[in-house]
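Worksheet for the structure shown next.
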Amino acid sequence: MSDEGYELEYIKEAFYTNWVAPLGPNVDGFERELASWIGAKHAVALVSGTAAIHMALKAAGIERGDIVFCQDLTFAATANPIVYQNATPVFIDSDFETWNMDPEALEAAFDKYPDVKAVIVVHLYGLSADMDPIIKLCRKHKVILIEDAAEALGTTYKGKFAGTIGDYGIFSFNGNKIITSSGGGMLVSDYEDKIAKVRFWSTQAREKARHYQHCEVGYNYRMSNIAAGIGRGQLKVLDRRIAKKRYIFEFYKRQLNGLDGIRFMPINDWNEPNCWLSCITLTGQVRPADIMEALDNENIESRPIWKPMHMQPVFEKCDFIGDGISEKLFENGVCLPSDTKMTDDDLLRVCNVIKGLWTYS
Ligand SMILES: *Cc1c(COP(=O)(O)O)cnc(C)c1O
């Protein structure tokens, strides 16, 4: 995953200065540099994006019995932390225009659950949700808005970076994301006091005293100085990664647009996506399984779209507000290979396998 080797410099520095620990100069540096990259006021580096969502919910005051609206079409890591807080998720459908939370379904959910405490919207595959109507609804009902931008570092909505628009934003640096720290996450917010509180909770809630004093339950959620060094190195190539991801998306579009039944993920005027993954839907004769199988036969990995949360056995008792759009996206969607190391030849190989299915169908 390393392009230029900037990471090694930061890691060496950490060893030479004996900062092989949680906390340290790379952690502070990574927080500062990421916040400045996206224009966030405050940031706290954590062990994962999941931990960042958990801490955002805790900072938002979510506790036992609270209701939290959560985007239905997403990875389970978005929803699990709601349950860690003993709160109850209610899943909200997507729309075809954004693949993300449908503002109309959200409005219907507010009518049904006026006591809801927070909303988690996701910027899936680097596409931004339509934030203006979503924010408007959240402000009207006085609920906290958390943006899961784990897949959308560098994506903008109307010129603002995904993750900096709601009350809290979270990012992931897991190995599969656009940049990685070998594993890690970040929580950003304009609320300085809340970020300070998360720093405290995520280092075992140790009170300021020489003896070990604890007035609250804490977590061991802080990013290590080594992981932060890798993250700092990768941040230096983020703009190049985004450019390559967009190139890959445009390449597929040029090659595959026009095949009967293929549609590319929606790019709206107000959205500059990071194109983390290039995704399509299929509504003709060729089905997603055909594409995934044909690619698999050539040893090329591809994946379906995330399986919606309301279809997951673990969340079967939870309510779902919507019209089955997320389910249709799941049934018809494929994520094409989108690694930034892919060459034009690699991309052409994928396209030719896919085009072959139309020739013979
Ligand atoms: C990866 C991901 C997460 C979780 O991030 P981790 O760092 O792996 O814990 C959360 N939400 C979405 C949408 C993701 O893709």
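Convention: chains lettered A, B, ... in structure tokens order; per-chain residue numbering from 1; ligands numbered from 1 as shown.
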
**Message:** With only C-alpha atoms as the counted atoms, please give the residues lying no more than 6 Å from region 329-345 of chain A, apart from itself and same-chain residues fewer than 2 positions off, as a PyMOL selection string.
**Reply:** chain A and resi 244+277-282+288+302-305+307+326-327+347-348

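The residues sitting within 7 Å of ligand 1, with only C-alpha atoms and all ligand atoms considered, come out as Ser48, Gly49, Thr50, Ala51, Thr74, Phe75, Ala77, Thr78, Val122, Leu124, Asp148, Ala149, Ala150, Glu151, Ser172, Phe173, Asn174, Lys177, Gly183, Gly184 and Gly185 of chain A.
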
Take the residues just selected and output them with all heavy atoms as a tab-separated table (two decimals), in the first residue's frame.
chain	number	residue	atom	x	y	z
A	48	SER	N	-9.45	2.71	15.53
A	48	SER	CA	-10.23	2.30	14.35
A	48	SER	C	-11.33	3.31	14.07
A	48	SER	O	-11.69	4.13	14.94
A	48	SER	CB	-10.87	0.93	14.59
A	48	SER	OG	-11.83	1.00	15.62
A	49	GLY	N	-11.89	3.20	12.87
A	49	GLY	CA	-13.06	4.01	12.53
A	49	GLY	C	-14.25	3.61	13.41
A	49	GLY	O	-15.06	4.46	13.80
A	50	THR	N	-14.34	2.33	13.72
A	50	THR	CA	-15.42	1.84	14.59
A	50	THR	C	-15.34	2.50	15.96
A	50	THR	O	-16.36	2.95	16.51
A	50	THR	CB	-15.32	0.30	14.72
A	50	THR	OG1	-15.17	-0.27	13.43
A	50	THR	CG2	-16.54	-0.27	15.41
A	51	ALA	N	-14.13	2.56	16.52
A	51	ALA	CA	-13.93	3.22	17.82
A	51	ALA	C	-14.31	4.70	17.72
A	51	ALA	O	-14.87	5.27	18.67
A	51	ALA	CB	-12.48	3.07	18.28
A	74	THR	N	-24.84	0.15	4.31
A	74	THR	CA	-23.51	0.46	4.82
A	74	THR	C	-22.85	-0.82	5.31
A	74	THR	O	-23.44	-1.90	5.25
A	74	THR	CB	-23.58	1.50	5.97
A	74	THR	OG1	-22.24	1.91	6.32
A	74	THR	CG2	-24.26	0.94	7.22
A	75	PHE	N	-21.63	-0.67	5.80
A	75	PHE	CA	-20.90	-1.76	6.44
A	75	PHE	C	-21.34	-1.82	7.91
A	75	PHE	O	-21.65	-0.78	8.50
A	75	PHE	CB	-19.40	-1.44	6.32
A	75	PHE	CG	-18.47	-2.42	6.96
A	75	PHE	CD1	-18.65	-3.79	6.80
A	75	PHE	CD2	-17.39	-1.96	7.70
A	75	PHE	CE1	-17.76	-4.68	7.38
A	75	PHE	CE2	-16.50	-2.86	8.28
A	75	PHE	CZ	-16.68	-4.22	8.13
A	77	ALA	N	-19.95	-1.92	10.61
A	77	ALA	CA	-19.20	-1.10	11.57
A	77	ALA	C	-19.88	0.24	11.86
A	77	ALA	O	-19.65	0.84	12.90
A	77	ALA	CB	-17.78	-0.85	11.06
A	78	THR	N	-20.73	0.71	10.94
A	78	THR	CA	-21.47	1.95	11.18
A	78	THR	C	-22.48	1.75	12.32
A	78	THR	O	-22.66	2.63	13.16
A	78	THR	CB	-22.25	2.38	9.92
A	78	THR	OG1	-21.39	2.35	8.79
A	78	THR	CG2	-22.82	3.79	10.08
A	122	VAL	N	-23.90	8.09	6.07
A	122	VAL	CA	-22.67	7.51	5.54
A	122	VAL	C	-22.40	8.10	4.15
A	122	VAL	O	-23.34	8.38	3.40
A	122	VAL	CB	-22.79	5.97	5.44
A	122	VAL	CG1	-21.47	5.34	5.00
A	122	VAL	CG2	-23.25	5.37	6.76
A	124	LEU	N	-20.98	6.65	1.24
A	124	LEU	CA	-20.60	5.32	0.77
A	124	LEU	C	-19.73	5.38	-0.48
A	124	LEU	O	-20.03	6.13	-1.41
A	124	LEU	CB	-21.89	4.58	0.45
A	124	LEU	CG	-22.01	3.12	0.86
A	124	LEU	CD1	-21.65	2.90	2.31
A	124	LEU	CD2	-23.40	2.62	0.56
A	148	ASP	N	-20.32	9.27	8.88
A	148	ASP	CA	-19.38	8.18	8.70
A	148	ASP	C	-18.71	8.39	7.34
A	148	ASP	O	-19.25	8.03	6.30
A	148	ASP	CB	-20.11	6.84	8.77
A	148	ASP	CG	-19.19	5.65	8.55
A	148	ASP	OD1	-18.04	5.86	8.09
A	148	ASP	OD2	-19.62	4.51	8.83
A	149	ALA	N	-17.52	9.01	7.39
A	149	ALA	CA	-16.76	9.29	6.17
A	149	ALA	C	-15.58	8.32	6.04
A	149	ALA	O	-14.55	8.64	5.44
A	149	ALA	CB	-16.28	10.74	6.17
A	150	ALA	N	-15.75	7.11	6.60
A	150	ALA	CA	-14.68	6.10	6.58
A	150	ALA	C	-14.18	5.83	5.16
A	150	ALA	O	-13.01	5.57	4.95
A	150	ALA	CB	-15.17	4.80	7.21
A	151	GLU	N	-15.11	5.89	4.19
A	151	GLU	CA	-14.75	5.57	2.80
A	151	GLU	C	-14.57	6.85	1.97
A	151	GLU	O	-14.38	6.76	0.76
A	151	GLU	CB	-15.87	4.71	2.18
A	151	GLU	CG	-16.11	3.42	2.96
A	151	GLU	CD	-17.27	2.58	2.43
A	151	GLU	OE1	-17.89	2.97	1.43
A	151	GLU	OE2	-17.55	1.54	3.05
A	172	SER	N	-11.58	6.24	8.64
A	172	SER	CA	-10.91	4.97	8.92
A	172	SER	C	-9.63	4.89	8.12
A	172	SER	O	-9.58	5.33	6.97
A	172	SER	CB	-11.83	3.80	8.54
A	172	SER	OG	-11.08	2.59	8.50
A	173	PHE	N	-8.60	4.32	8.74
A	173	PHE	CA	-7.33	4.07	8.06
A	173	PHE	C	-7.02	2.58	8.06
A	173	PHE	O	-5.88	2.16	8.16
A	173	PHE	CB	-6.20	4.89	8.71
A	173	PHE	CG	-6.57	6.33	8.90
A	173	PHE	CD1	-6.86	6.81	10.18
A	173	PHE	CD2	-6.71	7.17	7.82
A	173	PHE	CE1	-7.25	8.13	10.36
A	173	PHE	CE2	-7.11	8.48	7.99
A	173	PHE	CZ	-7.37	8.96	9.26
A	174	ASN	N	-8.09	1.79	7.98
A	174	ASN	CA	-7.96	0.35	7.85
A	174	ASN	C	-7.26	0.05	6.51
A	174	ASN	O	-7.23	0.89	5.62
A	174	ASN	CB	-9.37	-0.25	7.88
A	174	ASN	CG	-9.34	-1.75	8.08
A	174	ASN	OD1	-8.30	-2.33	8.41
A	174	ASN	ND2	-10.46	-2.40	7.87
A	177	LYS	N	-8.84	1.03	3.04
A	177	LYS	CA	-9.33	2.38	2.78
A	177	LYS	C	-8.34	3.16	1.89
A	177	LYS	O	-7.27	2.67	1.56
A	177	LYS	CB	-9.57	3.11	4.10
A	177	LYS	CG	-10.64	2.43	4.99
A	177	LYS	CD	-11.96	2.25	4.28
A	177	LYS	CE	-13.15	1.86	5.14
A	177	LYS	NZ	-13.07	0.69	5.95
A	183	GLY	N	-4.19	0.30	10.32
A	183	GLY	CA	-5.37	0.16	11.19
A	183	GLY	C	-5.46	1.40	12.04
A	183	GLY	O	-4.48	1.77	12.70
A	184	GLY	N	-6.61	2.06	12.00
A	184	GLY	CA	-6.76	3.28	12.81
A	184	GLY	C	-7.99	4.05	12.39
A	184	GLY	O	-8.66	3.70	11.41
A	185	GLY	N	-8.28	5.10	13.15
A	185	GLY	CA	-9.43	5.94	12.84
A	185	GLY	C	-9.22	7.34	13.39
A	185	GLY	O	-8.26	7.58	14.13

**Prompt:** Could you write out, as JSON, numbers by chain, all the residues of region 161-295 of chain A that DSSP marks as helix (DSSP H, G or I)?
**Reply:** {"A": [192, 193, 194, 195, 196, 197, 198, 199, 200, 201, 225, 226, 227, 228, 229, 230, 231, 232, 233, 234, 235, 238, 239, 240, 241, 242, 243, 244, 245, 246, 247, 248, 249, 250, 251, 252, 253, 254, 255, 256, 288, 289, 290, 291, 292, 293, 294, 295]}

Please produce an output containing C-alpha atoms for each residue in the selection, written as an mmCIF file, in the first residue's frame.
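Okay, again_24.cif is ready:
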data_model
loop_
_atom_site.group_PDB
_atom_site.id
_atom_site.type_symbol
_atom_site.label_atom_id
_atom_site.label_comp_id
_atom_site.auth_asym_id
_atom_site.auth_seq_id
_atom_site.Cartn_x
_atom_site.Cartn_y
_atom_site.Cartn_z
ATOM 1 C CA GLU A 192 -13.110 21.313 21.327
ATOM 2 C CA ASP A 193 -14.445 20.200 24.725
ATOM 3 C CA LYS A 194 -15.959 17.019 23.257
ATOM 4 C CA ILE A 195 -12.737 16.083 21.468
ATOM 5 C CA ALA A 196 -10.819 16.628 24.719
ATOM 6 C CA LYS A 197 -13.331 14.381 26.488
ATOM 7 C CA VAL A 198 -12.829 11.640 23.859
ATOM 8 C CA ARG A 199 -9.049 11.899 24.366
ATOM 9 C CA PHE A 200 -9.689 11.305 28.068
ATOM 10 C CA TRP A 201 -12.134 8.360 27.623
ATOM 11 C CA ASN A 225 2.671 6.475 17.601
ATOM 12 C CA ILE A 226 3.869 3.900 15.037
ATOM 13 C CA ALA A 227 0.468 3.620 13.316
ATOM 14 C CA ALA A 228 0.222 7.424 13.278
ATOM 15 C CA GLY A 229 3.660 7.572 11.592
ATOM 16 C CA ILE A 230 2.362 5.354 8.783
ATOM 17 C CA GLY A 231 -0.765 7.510 8.530
ATOM 18 C CA ARG A 232 1.322 10.704 8.259
ATOM 19 C CA GLY A 233 3.377 9.194 5.454
ATOM 20 C CA GLN A 234 0.242 8.108 3.585
ATOM 21 C CA LEU A 235 -1.455 11.471 3.991
ATOM 22 C CA LEU A 238 -3.665 11.212 -0.526
ATOM 23 C CA ASP A 239 -4.145 13.712 -3.365
ATOM 24 C CA ARG A 240 -2.347 11.378 -5.778
ATOM 25 C CA ARG A 241 -4.445 8.422 -4.610
ATOM 26 C CA ILE A 242 -7.659 10.381 -5.177
ATOM 27 C CA ALA A 243 -6.506 11.393 -8.660
ATOM 28 C CA LYS A 244 -5.773 7.735 -9.487
ATOM 29 C CA LYS A 245 -9.116 6.520 -8.056
ATOM 30 C CA ARG A 246 -10.936 9.067 -10.224
ATOM 31 C CA TYR A 247 -8.875 8.003 -13.231
ATOM 32 C CA ILE A 248 -9.909 4.367 -12.635
ATOM 33 C CA PHE A 249 -13.579 5.377 -12.453
ATOM 34 C CA GLU A 250 -13.353 7.384 -15.691
ATOM 35 C CA PHE A 251 -11.498 4.507 -17.376
ATOM 36 C CA TYR A 252 -14.281 2.034 -16.555
ATOM 37 C CA LYS A 253 -16.889 4.543 -17.621
ATOM 38 C CA ARG A 254 -15.249 5.091 -21.021
ATOM 39 C CA GLN A 255 -14.937 1.362 -21.587
ATOM 40 C CA LEU A 256 -18.223 0.049 -20.222
ATOM 41 C CA PRO A 288 -23.815 -9.127 -10.730
ATOM 42 C CA ALA A 289 -23.044 -12.788 -9.995
ATOM 43 C CA ASP A 290 -22.110 -13.320 -13.666
ATOM 44 C CA ILE A 291 -19.562 -10.499 -13.503
ATOM 45 C CA MET A 292 -18.127 -11.581 -10.161
ATOM 46 C CA GLU A 293 -17.830 -15.180 -11.369
ATOM 47 C CA ALA A 294 -16.238 -14.248 -14.712
ATOM 48 C CA LEU A 295 -13.688 -12.056 -12.908
#

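The space separating CA of Asp323 (chain A) from CA of Val90 (chain A) comes to 14.3 Å.
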
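When only C-alpha atoms are used to measure the gap to Tyr221 (chain A), the shortest distance among A:Ser189, A:Gln312, A:Ser94, A:Ser202 belongs to A:Ser202.
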